[in-house]
$ cat data_20.cif   # mmCIF, C-alpha atoms and all ligand atoms
data_target
loop_
_atom_site.label_atom_id
_atom_site.label_comp_id
_atom_site.auth_asym_id
_atom_site.auth_seq_id
_atom_site.Cartn_x
_atom_site.Cartn_y
_atom_site.Cartn_z
CA MET A 1 101.51 158.82 109.33
CA GLY A 2 100.54 161.11 112.20
CA GLN A 3 98.01 163.90 112.59
CA GLY A 4 100.45 166.67 111.67
CA TYR A 5 102.79 168.87 113.68
CA PHE A 6 102.39 169.43 117.43
CA VAL A 7 103.75 172.15 119.69
CA LEU A 8 103.52 171.57 123.44
CA GLY A 9 103.29 174.72 125.57
CA ASN A 10 102.06 178.28 125.23
CA GLY A 11 105.03 180.46 126.18
CA GLY A 12 107.59 182.45 124.17
CA ALA A 13 109.29 179.33 122.74
CA ALA A 14 106.02 177.73 121.62
CA ILE A 15 104.58 180.87 120.03
CA HIS A 16 107.74 181.69 118.09
CA ALA A 17 107.87 178.09 116.86
CA LEU A 18 104.23 178.09 115.72
CA LYS A 19 104.82 181.30 113.83
CA ALA A 20 108.05 180.05 112.24
CA ILE A 21 106.40 176.79 111.14
CA ARG A 22 103.82 178.76 109.18
CA VAL A 23 106.29 181.38 107.90
CA ALA A 24 108.52 178.57 106.60
CA GLY A 25 105.63 177.29 104.55
CA TYR A 26 104.11 174.32 106.39
CA THR A 27 100.41 174.21 105.47
CA GLY A 28 99.34 170.97 107.16
CA GLU A 29 97.60 170.44 110.50
CA LEU A 30 99.30 172.38 113.28
CA HIS A 31 98.24 171.51 116.83
CA GLN A 32 99.09 173.24 120.07
CA ILE A 33 98.57 171.54 123.44
CA SER A 34 98.94 173.54 126.62
CA ASP A 35 97.76 173.20 130.19
CA ASP A 36 97.03 176.92 130.32
CA SER A 37 94.38 178.72 128.31
CA GLY A 38 94.11 181.88 126.29
CA ARG A 39 96.88 184.19 125.18
CA ALA A 40 100.55 183.32 125.76
CA PHE A 41 102.00 184.96 128.86
CA ASN A 42 105.43 186.59 129.21
CA PRO A 43 106.49 186.01 132.86
CA MET A 44 109.39 188.44 132.48
CA VAL A 45 106.95 191.36 132.41
CA ALA A 46 105.15 190.21 135.59
CA PRO A 47 107.36 192.19 138.06
CA TYR A 48 106.67 195.37 136.05
CA PHE A 49 102.96 194.57 136.12
CA LEU A 50 103.18 194.16 139.92
CA SER A 51 104.94 197.51 140.18
CA GLU A 52 102.00 198.91 138.17
CA LYS A 53 104.44 200.38 135.65
CA THR A 54 102.78 198.34 132.89
CA GLY A 55 99.23 197.14 132.39
CA TRP A 56 97.95 193.56 132.32
CA ASP A 57 97.82 193.48 128.50
CA THR A 58 101.58 194.06 128.25
CA CYS A 59 102.10 190.58 129.76
CA PHE A 60 100.53 189.07 126.62
CA PRO A 61 102.71 190.25 123.72
CA PHE A 62 101.41 188.10 120.87
CA GLY A 63 98.02 189.58 120.01
CA GLU A 64 94.43 188.45 120.44
CA ASN A 65 94.06 186.54 117.18
CA PHE A 66 97.31 184.58 117.03
CA ILE A 67 95.61 181.17 116.95
CA GLU A 68 93.21 182.03 114.11
CA GLU A 69 95.80 183.95 112.11
CA HIS A 70 98.18 180.97 112.14
CA GLN A 71 95.47 178.35 111.65
CA ILE A 72 96.32 176.46 114.80
CA ILE A 73 94.18 173.69 116.28
CA ALA A 74 94.41 174.64 119.94
CA HIS A 75 93.95 172.10 122.74
CA HIS A 76 94.20 174.49 125.65
CA GLY A 77 93.54 173.65 129.29
CA ASP A 78 94.79 170.10 128.73
CA LYS A 79 98.02 168.80 130.19
CA VAL A 80 100.44 166.47 128.41
CA VAL A 81 100.90 163.52 130.77
CA ALA A 82 102.94 161.20 128.55
CA LEU A 83 104.94 161.40 125.33
CA ASP A 84 106.02 158.13 123.75
CA ALA A 85 108.92 159.12 121.53
CA ASP A 86 109.16 155.61 120.02
CA SER A 87 105.58 155.51 118.77
CA SER A 88 105.32 159.34 118.32
CA THR A 89 102.23 159.65 120.49
CA ILE A 90 101.10 162.16 123.08
CA SER A 91 98.60 161.45 125.87
CA THR A 92 96.82 164.23 127.72
CA ALA A 93 95.13 164.50 131.12
CA SER A 94 91.68 164.60 129.47
CA GLY A 95 92.31 161.13 128.00
CA LYS A 96 93.10 162.18 124.43
CA VAL A 97 95.84 160.44 122.47
CA PHE A 98 97.45 162.16 119.49
CA SER A 99 99.87 160.80 116.96
CA TYR A 100 102.43 163.30 115.63
CA ASP A 101 104.60 163.56 112.53
CA LYS A 102 106.82 166.13 114.27
CA CYS A 103 106.58 167.56 117.75
CA LEU A 104 108.19 170.43 119.68
CA ILE A 105 108.47 170.28 123.46
CA ALA A 106 108.22 173.87 124.71
CA THR A 107 106.77 173.26 128.15
CA GLY A 108 109.14 175.63 129.94
CA ALA A 109 109.89 175.39 133.62
CA ARG A 110 108.20 175.84 136.98
CA PRO A 111 109.44 177.47 140.20
CA VAL A 112 111.23 175.28 142.70
CA MET A 113 109.85 175.10 146.23
CA PRO A 114 112.84 174.64 148.56
CA PRO A 115 112.33 171.66 150.91
CA ILE A 116 111.44 173.76 153.96
CA PRO A 117 108.84 172.10 156.22
CA GLY A 118 105.46 173.78 155.77
CA LEU A 119 106.49 175.86 152.71
CA ALA A 120 104.92 173.81 149.91
CA GLU A 121 101.68 173.48 151.91
CA SER A 122 101.52 177.16 152.88
CA ARG A 123 98.63 179.14 151.40
CA TYR A 124 100.87 182.19 151.65
CA ALA A 125 103.81 180.86 149.61
CA LEU A 126 103.49 182.44 146.16
CA PRO A 127 105.84 181.63 143.30
CA LEU A 128 105.57 183.90 140.26
CA ARG A 129 105.36 182.29 136.82
CA GLU A 130 101.81 182.02 135.47
CA PRO A 131 99.18 184.75 134.92
CA GLU A 132 97.15 183.42 137.88
CA THR A 133 100.09 183.69 140.28
CA ALA A 134 100.82 187.24 139.10
CA LYS A 135 97.19 188.24 139.76
CA LYS A 136 97.22 186.48 143.14
CA MET A 137 100.40 188.31 144.15
CA LEU A 138 98.96 191.67 143.07
CA LYS A 139 95.87 191.02 145.20
CA SER A 140 97.98 190.07 148.24
CA LEU A 141 100.10 193.20 147.75
CA SER A 142 97.07 195.46 148.11
CA THR A 143 96.87 194.72 151.84
CA ALA A 144 100.41 193.50 152.65
CA SER A 145 102.73 195.27 155.07
CA ASN A 146 105.40 192.52 155.52
CA VAL A 147 106.71 190.20 152.82
CA LEU A 148 109.52 187.67 152.78
CA VAL A 149 111.24 187.07 149.44
CA LEU A 150 112.78 183.60 149.40
CA GLY A 151 115.66 183.55 146.91
CA ALA A 152 117.85 186.53 145.96
CA SER A 153 117.91 185.53 142.27
CA PHE A 154 117.51 188.27 139.64
CA VAL A 155 113.78 187.79 140.02
CA GLY A 156 113.95 187.90 143.85
CA VAL A 157 116.00 191.11 143.80
CA LYS A 158 113.51 192.71 141.38
CA LEU A 159 110.51 191.66 143.47
CA ALA A 160 112.11 192.96 146.69
CA GLU A 161 112.47 196.37 145.06
CA VAL A 162 108.89 196.35 143.73
CA PHE A 163 107.49 195.48 147.17
CA LEU A 164 109.63 198.01 149.05
CA LYS A 165 108.52 200.78 146.72
CA LYS A 166 104.93 199.99 147.71
CA GLY A 167 105.80 200.80 151.31
CA ILE A 168 106.05 197.14 152.36
CA ARG A 169 108.71 195.89 154.76
CA VAL A 170 110.81 193.31 152.88
CA VAL A 171 113.05 190.53 154.19
CA LEU A 172 115.16 188.98 151.41
CA VAL A 173 116.57 185.55 152.26
CA ASP A 174 119.00 183.35 150.34
CA ILE A 175 120.96 180.29 151.27
CA ALA A 176 123.84 181.57 149.09
CA SER A 177 126.39 183.98 150.49
CA GLN A 178 125.62 186.69 147.91
CA VAL A 179 122.71 188.17 146.01
CA MET A 180 122.22 187.06 142.37
CA PRO A 181 124.39 183.97 142.91
CA GLN A 182 123.69 182.58 139.40
CA GLY A 183 125.32 185.43 137.49
CA ALA A 184 127.00 188.16 139.53
CA HIS A 185 130.63 188.22 140.57
CA LYS A 186 130.75 188.40 144.35
CA HIS A 187 132.28 191.92 144.33
CA ALA A 188 129.51 193.33 142.12
CA ALA A 189 126.94 191.43 144.18
CA GLN A 190 128.35 193.00 147.35
CA HIS A 191 127.73 196.49 145.91
CA VAL A 192 124.16 195.59 144.97
CA GLU A 193 123.58 194.13 148.43
CA THR A 194 124.92 197.27 150.17
CA TYR A 195 122.78 199.46 147.91
CA MET A 196 119.60 197.46 148.50
CA SER A 197 120.23 197.41 152.27
CA SER A 198 120.67 201.19 152.20
CA LYS A 199 117.21 201.43 150.63
CA GLY A 200 115.76 199.52 153.58
CA ILE A 201 115.60 195.87 152.45
CA ASP A 202 116.47 193.46 155.26
CA ILE A 203 118.87 191.08 153.47
CA ARG A 204 119.81 187.80 155.13
CA LEU A 205 122.37 185.71 153.22
CA SER A 206 123.81 182.25 153.98
CA CYS A 207 120.42 181.82 155.60
CA SER A 208 117.29 179.77 155.07
CA LEU A 209 114.07 179.06 156.90
CA SER A 210 113.70 176.10 159.22
CA ARG A 211 109.90 176.00 159.06
CA VAL A 212 106.83 177.85 157.85
CA ASP A 213 103.54 177.82 159.80
CA ASP A 214 100.33 179.23 158.40
CA VAL A 215 98.16 181.35 160.69
CA PRO A 216 94.78 182.80 159.66
CA ASP A 217 96.22 186.06 158.34
CA GLY A 218 99.67 185.12 157.06
CA ALA A 219 102.67 182.89 157.62
CA ILE A 220 105.15 182.63 160.48
CA CYS A 221 108.65 182.13 159.05
CA HIS A 222 111.02 180.40 161.46
CA PHE A 223 114.77 181.02 161.14
CA PRO A 224 117.41 178.52 162.29
CA ASP A 225 118.51 180.89 165.10
CA GLY A 226 115.05 180.63 166.68
CA THR A 227 113.77 184.04 165.56
CA THR A 228 110.57 184.42 163.54
CA GLU A 229 109.04 186.83 161.04
CA LYS A 230 105.29 187.07 160.56
CA VAL A 231 104.60 187.96 156.93
CA ASP A 232 101.56 188.50 154.74
CA PHE A 233 103.06 186.25 152.09
CA ILE A 234 106.29 184.61 150.94
CA ALA A 235 107.37 185.38 147.37
CA VAL A 236 109.26 182.25 146.27
CA SER A 237 112.02 182.96 143.73
CA ALA A 238 114.42 180.14 144.51
CA GLY A 239 115.07 178.79 141.02
CA ILE A 240 113.23 176.80 138.38
CA ARG A 241 112.93 173.20 137.21
CA PRO A 242 112.11 172.12 133.62
CA ASN A 243 108.64 170.66 132.94
CA LEU A 244 109.59 167.29 131.49
CA ASP A 245 107.89 164.77 133.78
CA PHE A 246 105.90 163.38 130.83
CA LEU A 247 109.06 162.21 129.04
CA ASP A 248 110.63 158.75 129.27
CA THR A 249 114.34 159.09 130.02
CA GLU A 250 114.95 155.75 128.28
CA GLN A 251 113.72 157.33 125.05
CA VAL A 252 114.78 160.98 125.23
CA ASN A 253 118.22 162.20 126.31
CA ILE A 254 117.98 164.44 129.34
CA ALA A 255 120.77 166.06 131.37
CA ARG A 256 119.63 169.01 133.52
CA ALA A 257 117.00 169.53 130.83
CA VAL A 258 116.17 168.01 127.41
CA CYS A 259 119.35 167.73 125.29
CA THR A 260 119.22 169.26 121.81
CA ASN A 261 121.53 169.60 118.83
CA GLN A 262 122.17 172.73 116.76
CA PHE A 263 118.79 172.28 115.01
CA MET A 264 116.99 172.15 118.38
CA GLN A 265 116.37 168.46 117.68
CA THR A 266 116.43 165.85 120.43
CA ASN A 267 117.97 162.40 119.92
CA LYS A 268 114.71 161.51 118.11
CA PRO A 269 114.72 163.11 114.63
CA ASN A 270 111.02 164.10 114.69
CA LEU A 271 111.11 165.47 118.24
CA TYR A 272 112.41 168.98 119.01
CA ALA A 273 112.76 171.05 122.19
CA ALA A 274 113.12 174.79 122.81
CA GLY A 275 113.10 177.25 125.70
CA ASP A 276 113.44 176.66 129.42
CA VAL A 277 112.70 172.95 129.03
CA CYS A 278 115.94 172.28 127.13
CA GLU A 279 119.68 172.64 127.14
CA SER A 280 121.24 174.35 124.16
CA PHE A 281 124.55 175.57 122.81
CA ASP A 282 126.42 178.11 124.94
CA ARG A 283 128.97 179.93 122.79
CA LEU A 284 131.20 180.78 125.69
CA SER A 285 131.70 177.34 127.20
CA LEU A 286 131.17 175.61 123.82
CA SER A 287 128.91 173.18 125.60
CA GLN A 288 125.24 172.49 126.15
CA GLN A 289 123.86 174.65 128.95
CA TRP A 290 120.51 175.39 130.46
CA MET A 291 119.93 179.08 129.66
CA GLY A 292 116.50 180.05 131.05
CA THR A 293 116.01 183.44 129.44
CA TRP A 294 113.19 184.92 127.39
CA GLY A 295 115.38 185.90 124.40
CA ASN A 296 116.87 182.44 124.15
CA ALA A 297 113.49 180.74 124.47
CA CYS A 298 112.05 182.79 121.59
CA TYR A 299 115.15 182.34 119.41
CA GLN A 300 115.25 178.59 120.02
CA GLY A 301 111.53 178.33 119.28
CA ARG A 302 112.02 180.09 115.94
CA VAL A 303 114.92 177.80 114.99
CA ALA A 304 112.98 174.67 115.97
CA GLY A 305 109.93 175.83 113.99
CA MET A 306 111.99 176.54 110.87
CA ASN A 307 113.60 173.11 111.05
CA MET A 308 110.30 171.33 111.64
CA ALA A 309 108.97 173.00 108.48
CA GLY A 310 111.98 171.76 106.53
CA SER A 311 113.97 174.97 106.37
CA ALA A 312 117.37 173.92 107.75
CA THR A 313 118.43 176.53 110.30
CA ARG A 314 121.23 176.31 112.85
CA TYR A 315 120.98 177.69 116.35
CA ALA A 316 124.13 179.79 116.61
CA GLY A 317 124.08 179.61 120.38
CA SER A 318 124.19 182.54 122.72
CA ILE A 319 126.23 184.19 125.41
CA SER A 320 124.44 184.80 128.67
CA GLN A 321 123.44 188.41 129.25
CA HIS A 322 121.30 190.16 131.82
CA VAL A 323 120.40 193.82 132.21
CA SER A 324 118.26 194.95 135.08
CA PRO A 325 117.41 198.21 136.81
CA VAL A 326 117.97 197.99 140.58
CA PHE A 327 116.34 201.10 142.05
CA SER A 328 118.16 203.90 140.19
CA TRP A 329 121.14 201.71 139.21
CA ILE A 330 121.51 199.73 136.00
CA TYR A 331 123.12 196.35 136.65
CA MET A 332 124.51 194.30 133.73
CA GLN A 333 126.02 190.88 133.46
CA ILE A 334 127.58 189.53 130.29
CA GLY A 335 129.30 186.20 129.72
CA ASP A 336 130.66 184.18 132.59
CA ALA A 337 131.31 186.40 135.60
CA LEU A 338 131.49 183.34 137.84
CA ARG A 339 134.42 181.66 136.04
CA GLU A 340 136.87 179.93 138.39
CA GLY A 341 140.21 178.26 137.79
CA PRO A 342 143.96 178.68 138.10
CA ALA A 343 144.22 181.14 135.17
CA VAL A 344 141.27 183.30 136.16
CA LYS A 345 141.96 186.94 137.05
CA TYR A 346 139.81 190.00 137.42
CA GLU A 347 140.18 193.72 136.90
CA GLU A 348 137.93 196.02 138.87
CA SER A 349 137.45 199.77 138.72
CA GLY A 350 135.03 202.50 139.76
CA ASP A 351 132.50 202.86 142.54
CA PRO A 352 128.82 202.44 141.65
CA PHE A 353 127.84 204.82 144.45
CA THR A 354 129.65 207.68 142.76
CA GLY A 355 130.02 206.73 139.08
CA PRO A 356 130.44 203.85 136.63
CA TYR A 357 131.70 200.51 137.95
CA LYS A 358 133.08 197.45 136.17
CA ILE A 359 134.61 194.11 136.99
CA ILE A 360 136.03 192.18 134.06
CA ILE A 361 136.87 188.48 134.32
CA TYR A 362 139.76 187.01 132.33
CA ASP A 363 140.63 183.36 131.83
CA ASP A 364 144.13 182.88 130.48
CA ASP A 365 144.16 186.62 129.64
CA VAL A 366 141.00 186.33 127.52
CA VAL A 367 137.87 188.27 128.56
CA VAL A 368 135.12 185.76 129.47
CA GLY A 369 132.66 187.87 131.43
CA ALA A 370 131.88 191.10 133.22
CA ASN A 371 129.55 192.87 135.58
CA LEU A 372 128.86 196.55 134.96
CA ILE A 373 126.91 198.94 137.15
CA ASN A 374 125.80 202.33 135.81
CA ASN A 375 128.24 201.77 133.01
CA SER A 376 126.92 201.34 129.48
CA ILE A 377 130.06 202.90 127.96
CA ASP A 378 132.23 199.83 128.53
CA LEU A 379 129.63 197.33 127.37
CA ALA A 380 130.38 197.44 123.63
CA TRP A 381 134.12 196.78 123.83
CA ILE A 382 133.68 194.07 126.47
CA LYS A 383 131.23 192.23 124.20
CA LYS A 384 133.69 192.62 121.35
CA GLU A 385 136.51 191.24 123.49
CA ILE A 386 134.42 188.23 124.54
CA ASN A 387 133.65 187.51 120.90
CA LYS A 388 137.27 188.03 119.96
CA GLY A 389 138.22 185.39 122.47
CA LEU A 390 135.81 183.07 120.71
CA GLY A 391 137.27 183.87 117.32
CA LEU A 392 134.02 185.59 116.32
CA GLN A 393 135.24 189.16 115.88
CA SER A 394 132.81 190.01 113.12
CA GLU A 395 129.71 188.92 115.02
CA VAL A 396 127.67 191.00 117.39
CA VAL A 397 126.66 189.25 120.64
C1 LIG A 401 109.16 186.55 137.32
C2 LIG A 401 110.06 186.23 136.18
C3 LIG A 401 110.94 187.22 135.69
C4 LIG A 401 111.79 186.94 134.63
N1 LIG A 401 112.63 187.92 134.16
C5 LIG A 401 113.42 187.67 133.09
C6 LIG A 401 114.29 188.67 132.57
O1 LIG A 401 114.38 189.78 133.11
N2 LIG A 401 115.02 188.38 131.45
C7 LIG A 401 114.92 187.15 130.82
O2 LIG A 401 115.57 186.94 129.79
N3 LIG A 401 114.14 186.17 131.32
C8 LIG A 401 113.39 186.39 132.42
N4 LIG A 401 112.59 185.40 132.92
C9 LIG A 401 112.64 184.06 132.29
C10 LIG A 401 111.74 183.98 131.04
O3 LIG A 401 110.47 184.46 131.35
C11 LIG A 401 111.69 182.52 130.59
O4 LIG A 401 113.00 182.12 130.24
C12 LIG A 401 110.77 182.30 129.37
O5 LIG A 401 109.48 182.77 129.65
C13 LIG A 401 110.72 180.82 128.99
O6 LIG A 401 109.79 180.62 127.98
P1 LIG A 401 109.30 179.15 127.59
O7 LIG A 401 108.36 179.31 126.46
O8 LIG A 401 110.46 178.25 127.43
O9 LIG A 401 108.53 178.62 128.88
P2 LIG A 401 107.25 179.10 129.68
O10 LIG A 401 107.03 180.55 129.58
O11 LIG A 401 107.42 178.48 131.04
O12 LIG A 401 106.04 178.38 128.94
C14 LIG A 401 105.79 177.01 129.08
C15 LIG A 401 104.38 176.68 128.63
O13 LIG A 401 104.17 175.28 128.70
C16 LIG A 401 102.96 174.98 129.39
N5 LIG A 401 103.12 173.64 129.99
C17 LIG A 401 103.97 173.28 130.99
N6 LIG A 401 103.85 171.95 131.25
C18 LIG A 401 102.92 171.47 130.40
C19 LIG A 401 102.37 170.17 130.16
N7 LIG A 401 102.77 169.09 130.84
N8 LIG A 401 101.41 170.04 129.22
C20 LIG A 401 101.01 171.12 128.49
N9 LIG A 401 101.50 172.37 128.67
C21 LIG A 401 102.45 172.54 129.60
C22 LIG A 401 102.83 176.14 130.36
O14 LIG A 401 101.51 176.32 130.82
C23 LIG A 401 103.30 177.31 129.49
O15 LIG A 401 102.28 177.73 128.64
C24 LIG A 401 111.75 185.64 134.02
C25 LIG A 401 110.88 184.66 134.52
C26 LIG A 401 110.06 184.94 135.59
C27 LIG A 401 109.14 183.85 136.12
#
$ encode --input "data_20.cif" --output "structure tokens"
Amino acid sequence: MGQGYFVLGNGGAAIHALKAIRVAGYTGELHQISDDSGRAFNPMVAPYFLSEKTGWDTCFPFGENFIEEHQIIAHHGDKVVALDADSSTISTASGKVFSYDKCLIATGARPVMPPIPGLAESRYALPLREPETAKKMLKSLSTASNVLVLGASFVGVKLAEVFLKKGIRVVLVDIASQVMPQGAHKHAAQHVETYMSSKGIDIRLSCSLSRVDDVPDGAICHFPDGTTEKVDFIAVSAGIRPNLDFLDTEQVNIARAVCTNQFMQTNKPNLYAAGDVCESFDRLSLSQQWMGTWGNACYQGRVAGMNMAGSATRYAGSISQHVSPVFSWIYMQIGDALREGPAVKYEESGDPFTGPYKIIIYDDDVVVGANLINNSIDLAWIKKEINKGLGLQSEVV
């Protein structure tokens, strides 16, 4: 018999799970362990906070009194350093050992630092994930005139825009040959790249840094061709890695992230995982995938919480979707726009510089994904077509 239910982490997945556990009727001891303190942070809002479009409070969407209202025993500011899934025990950095009846791993992910000499040690390399890094970046922005954004991910593209609009010179660098390499078809990405360049962002693709050297007032970024850029800071947006170092891979199944079933359960029946730390069901590929989005994290957390409290709930899976303003454009990605294979075709129409644009990806004549720019009209039927291909006509994505 353990000390009750435990939720590890303090992000969207953890908070939705804690809430669901109580809503589903569990009245026993409910513990939360997290290495951060205070209110749960939504990193997705951070770029809007940096642009000063939203205030600091908007980054904390769950209210001041969440812990008290849900009768949670909070162990904040303490890091989980080991989880023994055989004995159902958790050890923390402060030396505490807890024994759980059921536990949810919702420890999210952290930014990756590409292996560029001098980058990880640089005082001017700033990834954006936690409240402290958001505040640090805002402070640096107040005096910055040159910034390098490392990684043209969705986040990198957004940050480049935010910085440019503050009058800062921006160099956007990615080792990939296109912007938004994780989700955008290369034709749509080319339009976004041309548009961002026209706004004044210096975009360098198929390119990385060979070294970073700190100087007293910034960092010197060295390029492989021998040129350099002196910048006030480097915004690192080069991908994420799940926080699962405290798990034993002999005990818990891990692929790219923690493996879960449709109940968000790991291979251990009393151990669950949700959010960026886990892989979950992707409706399009009908396989386990690492999703890494806010909506999925919250949904998975809710499902895990319901199941922990004994209310059997299946995670229906999701189809990847991303909508983002890029200057005055609206960029959308739905499904798998990167699909490759002998039966893959695409249909492209419109010009985003003058009107709506779309590129639709077909596999074996079935719609599997699309990128739309300034085109909300086509979104509904494309979603319907993707679902139709999955035999899910009656469901809304
Ligand atoms: C800048 C930025 C912009 C983004 N924009 C979008 C967007 O436009 N759309 C979208 O859908 N998604 C976006 N995302 C992704 C989205 O924010 C994440 O998918 C989501 O926040 C994941 O939630 P989570 O609860 O799984 O993890 P997290 O929010 O990472 O929370 C993990 C929690 O676990 C704690 N923790 C970690 N390790 C330990 C440990 N060992 N012991 C104890 N506690 C630990 C952390 O402190 C944290 O409280 C963005 C992310 C970033 C960083």
$ axis_aligned_box --input "data_20.cif" --around "segment 318-332 of chain A" --padding-each-side "6 Å" --output "lines of an AutoDock Vina configuration file"
center_x = 121.3
center_y = 193.2
center_z = 132.4
size_x = 21.9
size_y = 33.4
size_z = 31.3
$ closest_residue --input "data_20.cif" --among "A:Ser197, A:His185, A:Ser320, A:Lys268" --to "Glu348 of chain A" --atoms "all atoms listed in the file"
A:His185
$ closest_atom_pairs --input "data_20.cif" --of "chain A" --to "ligand LIG 401 (chain A)" --cutoff "7 Å" --atoms "all atoms listed in the file" --output "CSV"
residue,atom,partner,partner_atom,distance
A:Leu8,CA,A:LIG401,C20,5.7
A:Gly9,CA,A:LIG401,O13,3.3
A:Asn10,CA,A:LIG401,O15,3.5
A:Gly11,CA,A:LIG401,O7,3.5
A:Gly12,CA,A:LIG401,O7,4.0
A:Ala13,CA,A:LIG401,O7,3.8
A:Ala14,CA,A:LIG401,O7,5.6
A:Ile33,CA,A:LIG401,C20,5.6
A:Ser34,CA,A:LIG401,N9,3.5
A:Asp35,CA,A:LIG401,N9,4.1
A:Asp36,CA,A:LIG401,O14,4.5
A:Ala40,CA,A:LIG401,O15,6.5
A:Phe41,CA,A:LIG401,O10,6.7
A:Asn42,CA,A:LIG401,O5,5.6
A:Pro43,CA,A:LIG401,O3,4.5
A:Met44,CA,A:LIG401,C4,3.6
A:Val45,CA,A:LIG401,C3,6.6
A:Ala46,CA,A:LIG401,C1,5.7
A:Pro47,CA,A:LIG401,C1,6.0
A:Asp78,CA,A:LIG401,C20,6.3
A:Lys79,CA,A:LIG401,N8,3.7
A:Val80,CA,A:LIG401,N8,3.8
A:Val81,CA,A:LIG401,N7,5.9
A:Ala106,CA,A:LIG401,O8,5.6
A:Thr107,CA,A:LIG401,O13,3.3
A:Gly108,CA,A:LIG401,O9,3.2
A:Ala109,CA,A:LIG401,O11,4.7
A:Arg110,CA,A:LIG401,O11,6.5
A:Leu128,CA,A:LIG401,C1,5.3
A:Arg129,CA,A:LIG401,C27,4.1
A:Val155,CA,A:LIG401,C3,5.2
A:Asn243,CA,A:LIG401,N6,5.2
A:Phe246,CA,A:LIG401,N7,6.5
A:Ala274,CA,A:LIG401,O8,6.4
A:Gly275,CA,A:LIG401,O8,3.3
A:Asp276,CA,A:LIG401,O8,3.9
A:Val277,CA,A:LIG401,O8,6.0
A:Gly292,CA,A:LIG401,O4,4.1
A:Thr293,CA,A:LIG401,O4,3.4
A:Trp294,CA,A:LIG401,O2,3.9
A:Gly295,CA,A:LIG401,O2,5.5
A:Ala297,CA,A:LIG401,O8,4.9
A:His322,CA,A:LIG401,N2,6.5
A:Ser324,CA,A:LIG401,O1,6.8
$ atom_distance --input "data_20.cif" --atom1 "atom CA of Ile386 of chain A" --atom2 "atom CA of Tyr299 of chain A"
20.8 Å
$ atom_distance --input "data_20.cif" --atom1 "atom CA of Leu172 of chain A" --atom2 "atom CA of Ser208 of chain A"
10.1 Å
$ closest_residue --input "data_20.cif" --among "A:Ile90, A:Ala380, A:Val236, A:Leu164" --to "Val112 of chain A" --atoms "only C-alpha atoms"
A:Val236
$ atom_distance --input "data_20.cif" --atom1 "atom CA of Ala125 of chain A" --atom2 "atom CA of Ala219 of chain A"
8.3 Å
$ residues_around --input "data_20.cif" --residues "segment 284-289 of chain A" --least-positions-apart "5" --cutoff "10 Å" --atoms "all atoms listed in the file" --output "NGL selection string"
:A and (255-257 or 259-262 or 278-279 or 317-320 or 335-336 or 368-369 or 386-387 or 389-390)
$ write_last_selection --input "data_20.cif" --atoms "C-alpha atoms" --output "PDB file, keeping the file's coordinate frame"
ATOM      1  CA  ALA A 255     120.770 166.060 131.370  1.00  0.00           C
ATOM      2  CA  ARG A 256     119.630 169.010 133.520  1.00  0.00           C
ATOM      3  CA  ALA A 257     117.000 169.530 130.830  1.00  0.00           C
ATOM      4  CA  CYS A 259     119.350 167.730 125.290  1.00  0.00           C
ATOM      5  CA  THR A 260     119.220 169.260 121.810  1.00  0.00           C
ATOM      6  CA  ASN A 261     121.530 169.600 118.830  1.00  0.00           C
ATOM      7  CA  GLN A 262     122.170 172.730 116.760  1.00  0.00           C
ATOM      8  CA  CYS A 278     115.940 172.280 127.130  1.00  0.00           C
ATOM      9  CA  GLU A 279     119.680 172.640 127.140  1.00  0.00           C
ATOM     10  CA  GLY A 317     124.080 179.610 120.380  1.00  0.00           C
ATOM     11  CA  SER A 318     124.190 182.540 122.720  1.00  0.00           C
ATOM     12  CA  ILE A 319     126.230 184.190 125.410  1.00  0.00           C
ATOM     13  CA  SER A 320     124.440 184.800 128.670  1.00  0.00           C
ATOM     14  CA  GLY A 335     129.300 186.200 129.720  1.00  0.00           C
ATOM     15  CA  ASP A 336     130.660 184.180 132.590  1.00  0.00           C
ATOM     16  CA  VAL A 368     135.120 185.760 129.470  1.00  0.00           C
ATOM     17  CA  GLY A 369     132.660 187.870 131.430  1.00  0.00           C
ATOM     18  CA  ILE A 386     134.420 188.230 124.540  1.00  0.00           C
ATOM     19  CA  ASN A 387     133.650 187.510 120.900  1.00  0.00           C
ATOM     20  CA  GLY A 389     138.220 185.390 122.470  1.00  0.00           C
ATOM     21  CA  LEU A 390     135.810 183.070 120.710  1.00  0.00           C
TER      22      LEU A 390
END
